[in-house]
Amino acid sequence: MTKTLAIDCMGGDYGPSVIIPAAISALQQHSDLQIYLVGPQQDIQNHLKQFPNFGSRLKIQAASEVIGMSEKPSAAIRRKPDSSMRKSLELVRDGQADACVSSGNTGALMALATVLLGTLPGIERPAITAELPNRKGSVTNMLDLGANIDASAEQLTSFAIMGHVLSERADGIENPRVALLNIGEEAIKGRDSIKLAGDMLSNQSEIDYVGYIEANEIFDGDVDVVVCDGFTGNNVLKACEGITRFLYDQLKTEFTSNWWSKAVSALVWPLLKRFQRRINPDQYNGASLLGLREIVIKSHGSADSKATLFAINKAITEIERQVPQAIQDKVAQLLLNTDNEE
């Protein structure tokens with residue numbers, strides 16, 4: 001099956017210099033892949049001169065405007081009809097591409113994607129989902145990571161269903177374990193919306209809901225999906241990124257502080273490199289905007305070419321596993337009760 005991606009070349013901190021090499025690598029890895037590179041035509045052509053010619057598998061979709069990383073989503077929607085982000089999403093909307101990948105402004109991407117692509121039946125609000133490593137060598141999907149500052153019990157329940165489907169389809173986990181992030185494991189703790197969502201999920205026999213989880217348990221690997229509102233999720237994610245940088249910097253400082261430390265570091269260097277690879281956020285780059293009618297992947301703004309390739313491959317996986325359709329079917333079954341109506 002031929003897969004087609006629309007890639008916003010102008011998003012993130014580095015733009016085409018990072019995104020185009022990642023797109024070329026994806027074409028080399030996947031013989032059935034086609035790509036639209038979206039952005040200023042001359043700029044893209046200049047960057048392509050150093051790469052092989054992929055013929056009809058690689059096309060340019062011209063776009064004359066760029067949405068800045070700090071622009072308000074409402075302004076981006078109104079004032080930049082020819083932005084690379086919008087044109088990428090329009091290719092998906094019009095059926096010319098199967099998915100969109102962008103490193104651009106997260107708020108603008110979510111707003112434009114919701115307007116242009118729409119949400120699935122039964123989904124009130126989309127959610128941002130990303131993979132986190134865990135101690136058992138697999139990944140834990142966490143959502144929402146910033147799309148919704150607050151979330152009702154009904155929305156948290158829909159997030160749980162979407163996370164369940166993504167974990168099952170994209171990660172191949174049979175009957176994923178789903179938990180709500182809370183300030184304690186006792187049933188009496190937490191906001192009313194969380195407690196009500198817990199009750200609602202407990203009544204869903206199709207979802208393996210295991211109860212509440214605290215933030216210090218996210219990386220244990222005892223659950224496959226962690227559900228929370230976007231304010232909480234975004235803060236947890238940023239704290240994790242900060243702790244990772246802190247630990248790496250501290251280790252580097254300690255192992256270079258004197259000649260003895262340097263000698264020891266030479267002995268343990270292979271272990272440190274394996275540890276770095278294990279927690280390297282590049283391999284988990286690519287956040288899924290779940291709940292939309294089509295596939296949209298948000299790559300980190302500071303991602304390099306290697307990390308951007310991970311985001312592109314995540315989009316390819318979701319196309320192959322038909323994630324939006326699977327979410328639509330599961331939501332229809334559990335929330336809309338269409339099976340019962342029939």
# chains A, B, ... in the order shown; residues from 1 in each chain; ligands from 1
>>> select_by_dssp(residues="stretch 219-314 of chain A", states="alpha helix (DSSP H)", output="ChimeraX atom specification")
/A:230-255,259-279,305-314
>>> residues_around(residues="A:Gly122", least_positions_apart="2", cutoff="7 Å", atoms="only C-alpha atoms", output="PDB file with all heavy atoms, in the first residue's frame")
ATOM      1  N   LEU A 120     -13.419  13.168  15.305  1.00  0.00           N
ATOM      2  CA  LEU A 120     -14.193  11.945  15.086  1.00  0.00           C
ATOM      3  C   LEU A 120     -15.527  12.018  15.821  1.00  0.00           C
ATOM      4  O   LEU A 120     -15.641  12.702  16.848  1.00  0.00           O
ATOM      5  CB  LEU A 120     -13.404  10.740  15.598  1.00  0.00           C
ATOM      6  CG  LEU A 120     -12.133  10.375  14.809  1.00  0.00           C
ATOM      7  CD1 LEU A 120     -11.299   9.379  15.598  1.00  0.00           C
ATOM      8  CD2 LEU A 120     -12.499   9.817  13.443  1.00  0.00           C
ATOM      9  N   GLU A 124     -15.183  15.041  21.705  1.00  0.00           N
ATOM     10  CA  GLU A 124     -15.416  16.471  21.869  1.00  0.00           C
ATOM     11  C   GLU A 124     -14.152  17.273  21.630  1.00  0.00           C
ATOM     12  O   GLU A 124     -14.180  18.326  20.997  1.00  0.00           O
ATOM     13  CB  GLU A 124     -15.948  16.740  23.281  1.00  0.00           C
ATOM     14  CG  GLU A 124     -16.323  18.199  23.523  1.00  0.00           C
ATOM     15  CD  GLU A 124     -16.885  18.431  24.916  1.00  0.00           C
ATOM     16  OE1 GLU A 124     -17.246  17.432  25.583  1.00  0.00           O
ATOM     17  OE2 GLU A 124     -16.963  19.592  25.339  1.00  0.00           O
ATOM     18  N   VAL A 331     -14.886   4.108  19.818  1.00  0.00           N
ATOM     19  CA  VAL A 331     -15.727   5.144  20.421  1.00  0.00           C
ATOM     20  C   VAL A 331     -17.196   4.885  20.110  1.00  0.00           C
ATOM     21  O   VAL A 331     -18.073   5.022  20.974  1.00  0.00           O
ATOM     22  CB  VAL A 331     -15.304   6.549  19.932  1.00  0.00           C
ATOM     23  CG1 VAL A 331     -16.341   7.605  20.318  1.00  0.00           C
ATOM     24  CG2 VAL A 331     -13.941   6.919  20.517  1.00  0.00           C
ATOM     25  N   LEU A 335     -18.963   4.547  23.523  1.00  0.00           N
ATOM     26  CA  LEU A 335     -19.561   5.815  23.940  1.00  0.00           C
ATOM     27  C   LEU A 335     -20.855   6.149  23.209  1.00  0.00           C
ATOM     28  O   LEU A 335     -21.761   6.754  23.787  1.00  0.00           O
ATOM     29  CB  LEU A 335     -18.563   6.962  23.751  1.00  0.00           C
ATOM     30  CG  LEU A 335     -17.288   6.899  24.594  1.00  0.00           C
ATOM     31  CD1 LEU A 335     -16.444   8.151  24.368  1.00  0.00           C
ATOM     32  CD2 LEU A 335     -17.608   6.741  26.079  1.00  0.00           C
ATOM     33  N   LEU A 336     -20.937   5.773  21.928  1.00  0.00           N
ATOM     34  CA  LEU A 336     -22.121   6.125  21.148  1.00  0.00           C
ATOM     35  C   LEU A 336     -23.143   4.995  21.095  1.00  0.00           C
ATOM     36  O   LEU A 336     -24.270   5.205  20.640  1.00  0.00           O
ATOM     37  CB  LEU A 336     -21.704   6.509  19.715  1.00  0.00           C
ATOM     38  CG  LEU A 336     -20.718   7.685  19.610  1.00  0.00           C
ATOM     39  CD1 LEU A 336     -20.420   7.986  18.153  1.00  0.00           C
ATOM     40  CD2 LEU A 336     -21.257   8.924  20.314  1.00  0.00           C
TER      41      LEU A 336
END
>>> residues_around(residues="stretch 219-229 of chain A", least_positions_apart="5", cutoff="9 Å", atoms="only C-alpha atoms", output="PyMOL selection string")
chain A and resi 127+132-152+155-157+159-160+163-164+167+173+176-182+194+210+213+234
>>> write_last_selection(atoms="N, CA and C atoms", output="short mmCIF file (atom, residue, chain, number, x, y, z; two decimals), in the first residue's frame")
data_model
loop_
_atom_site.label_atom_id
_atom_site.label_comp_id
_atom_site.auth_asym_id
_atom_site.auth_seq_id
_atom_site.Cartn_x
_atom_site.Cartn_y
_atom_site.Cartn_z
N ALA A 127 -6.67 15.16 21.76
CA ALA A 127 -5.66 15.15 22.81
C ALA A 127 -4.29 14.89 22.21
N LEU A 132 6.43 7.46 26.46
CA LEU A 132 7.46 7.62 27.47
C LEU A 132 8.11 6.26 27.72
N PRO A 133 9.44 6.22 27.91
CA PRO A 133 10.08 4.93 28.20
C PRO A 133 9.72 4.46 29.60
N ASN A 134 9.79 3.18 29.83
CA ASN A 134 9.55 2.68 31.19
C ASN A 134 10.59 1.63 31.57
N ARG A 135 10.57 1.24 32.83
CA ARG A 135 11.60 0.35 33.38
C ARG A 135 11.56 -1.05 32.80
N LYS A 136 10.45 -1.42 32.17
CA LYS A 136 10.31 -2.77 31.65
C LYS A 136 10.71 -2.89 30.18
N GLY A 137 11.28 -1.79 29.65
CA GLY A 137 11.81 -1.84 28.29
C GLY A 137 10.80 -1.57 27.21
N SER A 138 9.58 -1.24 27.57
CA SER A 138 8.56 -0.90 26.59
C SER A 138 8.24 0.59 26.71
N VAL A 139 7.07 1.00 26.25
CA VAL A 139 6.69 2.41 26.32
C VAL A 139 5.33 2.54 26.99
N THR A 140 5.11 3.71 27.55
CA THR A 140 3.82 4.07 28.14
C THR A 140 3.29 5.28 27.41
N ASN A 141 2.08 5.20 26.88
CA ASN A 141 1.46 6.34 26.22
C ASN A 141 0.79 7.23 27.25
N MET A 142 1.04 8.53 27.15
CA MET A 142 0.45 9.48 28.10
C MET A 142 -0.30 10.56 27.34
N LEU A 143 -1.51 10.85 27.80
CA LEU A 143 -2.32 11.90 27.22
C LEU A 143 -3.29 12.44 28.27
N ASP A 144 -3.62 13.70 28.21
CA ASP A 144 -3.30 14.72 27.24
C ASP A 144 -2.05 15.47 27.71
N LEU A 145 -1.26 15.98 26.76
CA LEU A 145 -0.01 16.65 27.09
C LEU A 145 -0.04 18.13 26.76
N GLY A 146 -1.23 18.71 26.70
CA GLY A 146 -1.27 20.16 26.53
C GLY A 146 -2.37 20.72 25.66
N ALA A 147 -3.16 19.88 25.04
CA ALA A 147 -4.21 20.39 24.15
C ALA A 147 -5.38 20.97 24.94
N ASN A 148 -5.65 20.41 26.12
CA ASN A 148 -6.80 20.83 26.92
C ASN A 148 -6.34 21.14 28.35
N ILE A 149 -6.39 22.41 28.71
CA ILE A 149 -5.93 22.81 30.04
C ILE A 149 -6.73 22.09 31.12
N ASP A 150 -8.01 21.94 30.91
CA ASP A 150 -8.87 21.22 31.84
C ASP A 150 -9.63 20.16 31.04
N ALA A 151 -10.16 19.17 31.72
CA ALA A 151 -10.90 18.12 31.02
C ALA A 151 -11.99 17.58 31.92
N SER A 152 -13.16 17.40 31.34
CA SER A 152 -14.29 16.83 32.09
C SER A 152 -14.12 15.32 32.21
N GLN A 155 -14.51 13.74 28.85
CA GLN A 155 -13.34 13.91 28.00
C GLN A 155 -12.20 13.00 28.44
N LEU A 156 -11.98 12.87 29.74
CA LEU A 156 -10.95 11.96 30.24
C LEU A 156 -11.26 10.53 29.82
N THR A 157 -12.52 10.17 29.84
CA THR A 157 -12.92 8.83 29.42
C THR A 157 -12.62 8.61 27.94
N PHE A 159 -10.32 10.19 26.25
CA PHE A 159 -8.86 10.11 26.14
C PHE A 159 -8.39 8.69 26.44
N ALA A 160 -8.98 8.08 27.47
CA ALA A 160 -8.59 6.72 27.85
C ALA A 160 -8.86 5.74 26.72
N GLY A 163 -6.29 6.35 23.95
CA GLY A 163 -4.99 5.82 24.34
C GLY A 163 -4.95 4.31 24.29
N HIS A 164 -6.05 3.69 24.69
CA HIS A 164 -6.18 2.23 24.62
C HIS A 164 -6.00 1.75 23.17
N SER A 167 -2.31 2.36 21.88
CA SER A 167 -1.38 1.39 22.48
C SER A 167 -1.56 0.01 21.87
N ILE A 173 0.23 -3.85 21.85
CA ILE A 173 -0.01 -4.34 23.21
C ILE A 173 -1.44 -4.86 23.30
N PRO A 176 -4.33 -3.27 26.58
CA PRO A 176 -3.49 -2.32 27.34
C PRO A 176 -4.11 -1.94 28.68
N ARG A 177 -3.25 -1.77 29.68
CA ARG A 177 -3.68 -1.36 31.01
C ARG A 177 -3.75 0.17 31.05
N VAL A 178 -4.89 0.69 31.48
CA VAL A 178 -5.16 2.13 31.46
C VAL A 178 -5.32 2.64 32.89
N ALA A 179 -4.68 3.77 33.20
CA ALA A 179 -4.79 4.36 34.53
C ALA A 179 -5.02 5.87 34.42
N LEU A 180 -5.67 6.43 35.43
CA LEU A 180 -5.85 7.87 35.55
C LEU A 180 -4.78 8.43 36.48
N LEU A 181 -4.13 9.50 36.06
CA LEU A 181 -3.12 10.16 36.91
C LEU A 181 -3.82 10.94 38.00
N ASN A 182 -3.42 10.69 39.25
CA ASN A 182 -4.09 11.33 40.39
C ASN A 182 -3.06 11.60 41.48
N ILE A 194 -11.95 13.53 37.91
CA ILE A 194 -11.13 12.31 37.87
C ILE A 194 -11.89 11.14 38.50
N VAL A 210 -7.19 0.07 35.43
CA VAL A 210 -6.55 -0.45 36.65
C VAL A 210 -6.59 0.54 37.82
N ILE A 213 -3.02 6.20 39.27
CA ILE A 213 -1.57 6.07 39.33
C ILE A 213 -1.01 7.43 39.74
N ASN A 234 1.27 18.27 30.53
CA ASN A 234 2.35 19.09 30.00
C ASN A 234 3.39 19.39 31.05
#
>>> residues_around(residues="stretch 79-95 of chain A", least_positions_apart="3", cutoff="9 Å", atoms="only C-alpha atoms", output="ChimeraX atom specification")
/A:5-11,36-40,61-67,74-76,98-102,104,108-109,112-113,116-117,294-296
>>> residues_around(residues="A:Thr106", least_positions_apart="4", cutoff="8 Å", atoms="only C-alpha atoms", output="PyMOL selection string")
chain A and resi 69+110+298
>>> closest_residue(among="A:Val165, A:Ala153, A:Val115, A:Ala303", to="A:Asp329", atoms="only C-alpha atoms")
A:Val165
>>> closest_residue(among="A:Ile19, A:Pro52, A:Val268, A:Ala170", to="A:Ala315", atoms="only C-alpha atoms")
A:Ala170
>>> select_by_dssp(residues="stretch 202-312 of chain A", states="strand (DSSP E or B)", output="list in words")
Asp208, Tyr209, Val210, Gly211, Tyr212, Ile213, Val225, Val226, Val227, Ala287, Ser288, Leu289, Leu290, Leu292, Ile295, Val296, Ile297 and Lys298 of chain A
>>> residues_around(residues="A:Ala326", least_positions_apart="3", cutoff="9 Å", atoms="only C-alpha atoms", output="list in words")
Met162, Val165, Leu166, Arg169, Arg321, Gln322, Val323, Asp329, Lys330 and Val331 of chain A
>>> write_last_selection(atoms="all heavy atoms", output="short mmCIF file (atom, residue, chain, number, x, y, z; two decimals), in the first residue's frame")
data_model
loop_
_atom_site.label_atom_id
_atom_site.label_comp_id
_atom_site.auth_asym_id
_atom_site.auth_seq_id
_atom_site.Cartn_x
_atom_site.Cartn_y
_atom_site.Cartn_z
N MET A 162 -9.06 6.44 23.49
CA MET A 162 -8.13 6.71 22.40
C MET A 162 -6.74 6.17 22.71
O MET A 162 -6.08 5.59 21.85
CB MET A 162 -8.07 8.22 22.11
CG MET A 162 -9.36 8.79 21.56
SD MET A 162 -9.20 10.47 20.91
CE MET A 162 -8.81 11.41 22.40
N VAL A 165 -6.66 2.40 22.24
CA VAL A 165 -6.59 2.00 20.83
C VAL A 165 -5.18 2.23 20.28
O VAL A 165 -4.62 1.37 19.58
CB VAL A 165 -7.62 2.77 19.99
CG1 VAL A 165 -7.41 2.50 18.50
CG2 VAL A 165 -9.03 2.39 20.40
N LEU A 166 -4.58 3.38 20.59
CA LEU A 166 -3.24 3.68 20.08
C LEU A 166 -2.23 2.66 20.60
O LEU A 166 -1.39 2.15 19.84
CB LEU A 166 -2.81 5.08 20.51
CG LEU A 166 -1.43 5.52 20.01
CD1 LEU A 166 -1.42 5.69 18.50
CD2 LEU A 166 -0.99 6.81 20.69
N ARG A 169 -2.98 -0.70 18.80
CA ARG A 169 -2.71 -0.71 17.36
C ARG A 169 -1.24 -0.39 17.04
O ARG A 169 -0.59 -1.14 16.30
CB ARG A 169 -3.61 0.31 16.66
CG ARG A 169 -5.05 -0.14 16.47
CD ARG A 169 -5.13 -1.29 15.47
NE ARG A 169 -6.47 -1.72 15.20
CZ ARG A 169 -7.05 -1.68 14.00
NH1 ARG A 169 -6.40 -1.20 12.96
NH2 ARG A 169 -8.28 -2.12 13.84
N ARG A 321 -1.57 1.05 10.55
CA ARG A 321 -2.46 0.42 11.54
C ARG A 321 -3.85 1.05 11.55
O ARG A 321 -4.70 0.66 12.36
CB ARG A 321 -1.83 0.52 12.92
CG ARG A 321 -0.41 0.02 13.00
CD ARG A 321 -0.28 -1.47 12.81
NE ARG A 321 1.10 -1.89 12.60
CZ ARG A 321 2.00 -2.05 13.57
NH1 ARG A 321 1.67 -1.83 14.82
NH2 ARG A 321 3.22 -2.45 13.27
N GLN A 322 -4.08 2.05 10.69
CA GLN A 322 -5.39 2.69 10.56
C GLN A 322 -5.94 3.15 11.91
O GLN A 322 -7.07 2.83 12.31
CB GLN A 322 -6.38 1.73 9.88
CG GLN A 322 -5.94 1.31 8.49
CD GLN A 322 -6.91 0.34 7.83
OE1 GLN A 322 -7.41 -0.59 8.47
NE2 GLN A 322 -7.21 0.56 6.56
N VAL A 323 -5.14 3.93 12.61
CA VAL A 323 -5.47 4.34 13.98
C VAL A 323 -6.75 5.18 14.06
O VAL A 323 -7.61 4.88 14.91
CB VAL A 323 -4.28 5.07 14.62
CG1 VAL A 323 -4.68 5.72 15.95
CG2 VAL A 323 -3.13 4.08 14.86
N ASP A 329 -14.19 3.36 15.55
CA ASP A 329 -14.95 2.13 15.81
C ASP A 329 -15.11 1.89 17.30
O ASP A 329 -16.20 1.52 17.77
CB ASP A 329 -14.26 0.93 15.15
CG ASP A 329 -14.28 1.00 13.63
OD1 ASP A 329 -15.07 1.79 13.08
OD2 ASP A 329 -13.48 0.27 13.00
N LYS A 330 -14.03 2.09 18.06
CA LYS A 330 -14.09 1.82 19.50
C LYS A 330 -14.97 2.84 20.21
O LYS A 330 -15.74 2.49 21.12
CB LYS A 330 -12.68 1.83 20.08
CG LYS A 330 -12.61 1.43 21.55
CD LYS A 330 -13.06 0.00 21.77
CE LYS A 330 -12.06 -1.01 21.28
NZ LYS A 330 -12.41 -2.40 21.65
N VAL A 331 -14.89 4.11 19.82
CA VAL A 331 -15.73 5.14 20.42
C VAL A 331 -17.20 4.88 20.11
O VAL A 331 -18.07 5.02 20.97
CB VAL A 331 -15.30 6.55 19.93
CG1 VAL A 331 -16.34 7.60 20.32
CG2 VAL A 331 -13.94 6.92 20.52
#
